[in-house]
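Novice: Just dropping this structure here.
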Amino acid sequence: MFRCGNANPTKKLPATGLATWLFSLIISHAVRIIIDENGEASWILRFIFTILGYATVFLPCYVLIHLSRRHNLHTLGGCQWRLLRLILTGTTSEIVAETDGSVSGTVRPSNSESKSLYKKAISLCYCCVGLQVSYLLWGILQEKIMTREYADGDKTERFTDSQFLVFVNRILAFLFSGIYLLLTHQNIHRTPLYKYSFCSVSNTLSSWCQYEALKFVSFPTQVLAKSAKVIPVMLMGKLVSRAQYKNYEYATAVLISVGMTAFLLGSGGDKKGNNVTTASGALLLCGYLIFDSFTANWQSALFKEHKPSSIQMMCGVNLMSCLFTSASLIQQGGFFYSLSFAARHPIFIMDCLLTAISSALGQLFIFATISKFGPVVFTIIMTVRQGLSILLSCLLYKHHLSEMGILGVFIVFLAIFLRIYYAQQHKKRKLDATDASTSKV
């Protein structure tokens with residue numbers, strides 16, 4: 001009845017058929033990724049719903065902050081306006097008192113010269129043992145919760161809600177840091193609370209990706225991928241702050257990439273699954289590295305601009321994380337699922353609490369180690385911890401590592417220690433050059 005010019009539709013059938021076939025192939029592959037072998041929505045849908053849940057908190061807060069700044073609502077009196085002032089300025093008082101030239105914002109470590117060598121060694125052992133025990137226990141329990149099945153009579157089931165674990169970890173860390181702030185003297189808090197929300201979102205999403213990745217890759221693979229986060233941190237620093245890096249930093253980054261490749265090639269048969277699970281695990285690990293590197297860069301910017309103490313940063317970030325994760329869990333029914341799972345498996349409650357306690361204590365040990373001995377000692381301790389985590393996981397959960405996989409692990413940790421060594425040498429040369437120029441003057 002209607003004509004479309006003189007075009008002959010039969011000549012376009014082959015091209016149309018090829019396009020239709022390609023489109024159906026892409027759709028079927030996407031469906032395979034979105035729907036797992038059990039017919040349940042996979043991590044992609046859960047990730048989208050998690051982002052939407054965070055947006056229901058983030059967007060109204062953004063509108064409130066914009067309107068209050070525009071109309072100066074935070075300058076009014078009253079309890080609700082003091083809360084708004086805390087969100088916008090980081091303090092409830094209208095005028096932030098200036099400190100007497102001391103803007104470090106961190107708890108000052110005691111003078112090391114006044115300590116005996118014996119006391120300093122005892123303190124270092126205390127921090128080292130605390131970090132090793134807390135994070136080794138956290139890693140073992142994390143793998144158990146996400147990869148092992150809980151038995152209920154003849155029926156077994158696996159816990160699947162990663163966000164609930166993130167929430168439990170964050171609320172306990174918030175309580176620990178809040179109690180620490182109440183019991184110790186800190187400098188005046190100057191950081192607007194809303195600025196914590198950006199690194200809070202990235203921090204919770206990195207933890208979410210970390211838990212979800214355990215459904216697709218082995219724990220040793222995850223630990224080694226976390227050891228390689230220096231690569232995305234360098235890329236993010238290049239993009240965000242135009243940072244310049246030394247030759248040894250590029251060389252060690254390449255070594256880490258080679259070690260990771262060797263490890264993945266040498267442990268390919270460790271995890272059961274197909275190309276979909278392999279791709280999902282890789283994407284989740286990439287997501288973890290990207291979100292975690294953004295968190296580190298954003299927190300570094302907050303330290304430079306507002307100079308909060310490390311414990312104030314810990315408390316603020318975990319407070320915002322509790323708000324985001326609780327809102328998303330309520331919307332998705334995550335609390336009901338997790339609590340009903342806990343009711344069926346009481347041992348799950350103990351695993352959750354131990355995971356949260358070890359994570360919170362680990363953060364406090366991080367703060368103590370860095371404030372007393374500096375970031376280099378802390379990095380060495382945590383690098384040793386990662387190696388022990390891989391060893392313990394292989395022993396407890398029977399992960400297989402070939403000779404190439406072991407070589408990959410060795411290359412990665414060698415690169416990390418080389419990076420620490422050359423960083424110290426570069427810092428020492430820089431200090432010597434500064435001392436030499438000062439003596440000449």
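Here, A, B, ... name the chains of the structure tokens in the order displayed, residue numbers run from 1 inside each chain, and ligands are numbered from 1 in the same displayed order.
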Name all residues at most 9 Å from stretch 416-427 of chain A (count only C-alpha atoms; drop same-chain ones fewer than 3 positions away) and give them as a ChimeraX atom specification.
Specialist: /A:227-228,248-249,251-253,256,376,379-380,383,411-413,430-432
Novice: Quick one: which stretch 149-266 of chain A residues come within 10 Å of stretch 346-350 of chain A, and what is the nearest atom pair for each with the distance in Å to one decimal, counting only C-alpha atoms, rows ordered by chain and ascending number, as JSON lines?
Specialist:
```
{"residue": "A:Tyr150", "atom": "CA", "partner": "A:Phe348", "partner_atom": "CA", "distance": 7.9}
{"residue": "A:Ala151", "atom": "CA", "partner": "A:Ile347", "partner_atom": "CA", "distance": 9.8}
{"residue": "A:Asp152", "atom": "CA", "partner": "A:Pro346", "partner_atom": "CA", "distance": 9.9}
{"residue": "A:Phe159", "atom": "CA", "partner": "A:Phe348", "partner_atom": "CA", "distance": 8.9}
```
Novice: Give me the residues near A:Phe174 as a list in words, where near means some atom within 12 Å (using only C-alpha atoms) and where sequence neighbours in that chain fewer than 5 positions away do not count.
Specialist: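 The filter keeps Phe167, Val168, Asn169, Ile179, Tyr180, Leu181, Ile311, Gln312, Met313, Met314, Cys315, Gly316, Val317, Asn318, Leu319, Met320, Ser321, Cys322, Leu323, Ala356, Ile357, Ser359, Ala360, Leu361, Gln363 and Leu364 of chain A.
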Novice: Taking only stretch 147-345 of chain A into account, list the residues labelled alpha helix (DSSP H) by DSSP (computed from the backbone), as an MDAnalysis selection string.
Specialist: chainID A and resid 147 162:183 193:213 219:227 230:240 247:266 275:306 310:332 334:344
Novice: For atom CA of A:Ile330 and atom CA of A:Phe219, determine how far apart the two atoms are, in Å to one decimal place.
Specialist: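 Going from atom CA of A:Ile330 over to atom CA of A:Phe219, I get 29.2 Å.
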Novice: Measuring between only C-alpha atoms, which one of A:Ala342, A:Ile390, A:Val63, A:Val254 shows the shortest distance to A:Gly139?
Specialist: A:Ile390
Novice: Could you tell me how far atom CA of A:Leu205 lies from atom CA of A:Ile290, in Å and to one decimal?
Specialist: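 Atom CA of A:Ile290 lies at a distance of 9.8 Å from atom CA of A:Leu205.
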Novice: So the first atom is atom CA of A:Tyr211 and the second is atom CA of A:Ser280; what is the distance between them in Å, to one decimal place?
Specialist: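 Atom CA of A:Ser280 lies 12.6 Å from atom CA of A:Tyr211.
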Novice: Compare A:Ser358, A:Thr191, A:Ser202, A:Val223 by their minimum atom-to-atom distance to A:Phe303, counting only C-alpha atoms, and give me the closest one.
Specialist: A:Thr191
Novice: Hey, what's within 8 Å of A:Leu284 if we count only C-alpha atoms and toss same-chain stuff fewer than 2 positions away? As a PyMOL selection string, please?
Specialist: chain A and resi 209-210+212-213+280-282+286-288
Novice: Hey, can you spit out that residue selection with all heavy atoms as a PDB file, in the first residue's frame?
Specialist:
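And here's out.pdb as it stands now:
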```pdb
ATOM      1  N   CYS A 209      33.247  -4.066  45.625  1.00  0.00           N
ATOM      2  CA  CYS A 209      33.894  -4.794  44.526  1.00  0.00           C
ATOM      3  C   CYS A 209      34.832  -5.876  45.066  1.00  0.00           C
ATOM      4  O   CYS A 209      34.935  -6.968  44.496  1.00  0.00           O
ATOM      5  CB  CYS A 209      34.679  -3.828  43.641  1.00  0.00           C
ATOM      6  SG  CYS A 209      33.656  -2.725  42.648  1.00  0.00           S
ATOM      7  N   GLN A 210      35.490  -5.575  46.174  1.00  0.00           N
ATOM      8  CA  GLN A 210      36.415  -6.529  46.774  1.00  0.00           C
ATOM      9  C   GLN A 210      35.679  -7.789  47.242  1.00  0.00           C
ATOM     10  O   GLN A 210      36.122  -8.912  47.002  1.00  0.00           O
ATOM     11  CB  GLN A 210      37.114  -5.848  47.947  1.00  0.00           C
ATOM     12  CG  GLN A 210      38.034  -6.731  48.752  1.00  0.00           C
ATOM     13  CD  GLN A 210      38.651  -5.984  49.916  1.00  0.00           C
ATOM     14  OE1 GLN A 210      38.706  -4.762  49.939  1.00  0.00           O
ATOM     15  NE2 GLN A 210      39.124  -6.707  50.889  1.00  0.00           N
ATOM     16  N   GLU A 212      32.595  -8.782  46.207  1.00  0.00           N
ATOM     17  CA  GLU A 212      31.970  -9.442  45.057  1.00  0.00           C
ATOM     18  C   GLU A 212      32.990 -10.224  44.235  1.00  0.00           C
ATOM     19  O   GLU A 212      32.671 -11.273  43.676  1.00  0.00           O
ATOM     20  CB  GLU A 212      31.290  -8.393  44.165  1.00  0.00           C
ATOM     21  CG  GLU A 212      30.004  -7.828  44.730  1.00  0.00           C
ATOM     22  CD  GLU A 212      28.871  -8.839  44.708  1.00  0.00           C
ATOM     23  OE1 GLU A 212      28.702  -9.529  43.692  1.00  0.00           O
ATOM     24  OE2 GLU A 212      28.164  -8.948  45.729  1.00  0.00           O
ATOM     25  N   ALA A 213      34.215  -9.720  44.157  1.00  0.00           N
ATOM     26  CA  ALA A 213      35.241 -10.383  43.349  1.00  0.00           C
ATOM     27  C   ALA A 213      35.545 -11.783  43.856  1.00  0.00           C
ATOM     28  O   ALA A 213      35.925 -12.670  43.079  1.00  0.00           O
ATOM     29  CB  ALA A 213      36.513  -9.545  43.312  1.00  0.00           C
ATOM     30  N   SER A 280      34.099 -11.204  34.806  1.00  0.00           N
ATOM     31  CA  SER A 280      33.470 -10.512  35.937  1.00  0.00           C
ATOM     32  C   SER A 280      34.478 -10.277  37.052  1.00  0.00           C
ATOM     33  O   SER A 280      34.522  -9.190  37.640  1.00  0.00           O
ATOM     34  CB  SER A 280      32.290 -11.337  36.461  1.00  0.00           C
ATOM     35  OG  SER A 280      31.282 -11.443  35.490  1.00  0.00           O
ATOM     36  N   GLY A 281      35.274 -11.304  37.365  1.00  0.00           N
ATOM     37  CA  GLY A 281      36.280 -11.133  38.404  1.00  0.00           C
ATOM     38  C   GLY A 281      37.288 -10.060  38.058  1.00  0.00           C
ATOM     39  O   GLY A 281      37.658  -9.240  38.908  1.00  0.00           O
ATOM     40  N   ALA A 282      37.737 -10.035  36.785  1.00  0.00           N
ATOM     41  CA  ALA A 282      38.702  -9.024  36.355  1.00  0.00           C
ATOM     42  C   ALA A 282      38.102  -7.619  36.422  1.00  0.00           C
ATOM     43  O   ALA A 282      38.748  -6.665  36.871  1.00  0.00           O
ATOM     44  CB  ALA A 282      39.177  -9.332  34.938  1.00  0.00           C
ATOM     45  N   CYS A 286      39.314  -4.555  38.778  1.00  0.00           N
ATOM     46  CA  CYS A 286      39.630  -3.231  38.200  1.00  0.00           C
ATOM     47  C   CYS A 286      38.812  -2.140  38.878  1.00  0.00           C
ATOM     48  O   CYS A 286      39.320  -1.051  39.157  1.00  0.00           O
ATOM     49  CB  CYS A 286      39.360  -3.234  36.700  1.00  0.00           C
ATOM     50  SG  CYS A 286      40.555  -4.179  35.735  1.00  0.00           S
ATOM     51  N   GLY A 287      37.526  -2.452  39.144  1.00  0.00           N
ATOM     52  CA  GLY A 287      36.686  -1.485  39.851  1.00  0.00           C
ATOM     53  C   GLY A 287      37.228  -1.184  41.235  1.00  0.00           C
ATOM     54  O   GLY A 287      37.267  -0.023  41.666  1.00  0.00           O
ATOM     55  N   TYR A 288      37.668  -2.226  41.945  1.00  0.00           N
ATOM     56  CA  TYR A 288      38.267  -2.021  43.268  1.00  0.00           C
ATOM     57  C   TYR A 288      39.483  -1.103  43.188  1.00  0.00           C
ATOM     58  O   TYR A 288      39.622  -0.162  43.986  1.00  0.00           O
ATOM     59  CB  TYR A 288      38.672  -3.366  43.876  1.00  0.00           C
ATOM     60  CG  TYR A 288      39.629  -3.207  45.032  1.00  0.00           C
ATOM     61  CD1 TYR A 288      39.179  -2.836  46.292  1.00  0.00           C
ATOM     62  CD2 TYR A 288      41.005  -3.379  44.840  1.00  0.00           C
ATOM     63  CE1 TYR A 288      40.056  -2.658  47.341  1.00  0.00           C
ATOM     64  CE2 TYR A 288      41.887  -3.206  45.896  1.00  0.00           C
ATOM     65  CZ  TYR A 288      41.410  -2.844  47.137  1.00  0.00           C
ATOM     66  OH  TYR A 288      42.298  -2.650  48.168  1.00  0.00           O
TER      67      TYR A 288
END
```
Novice: Please determine, counting only C-alpha atoms, which residue among A:Leu193, A:Ile381, A:Ala327, A:Leu182 has the shortest atom-to-atom distance to A:Tyr54.
Specialist: A:Ala327
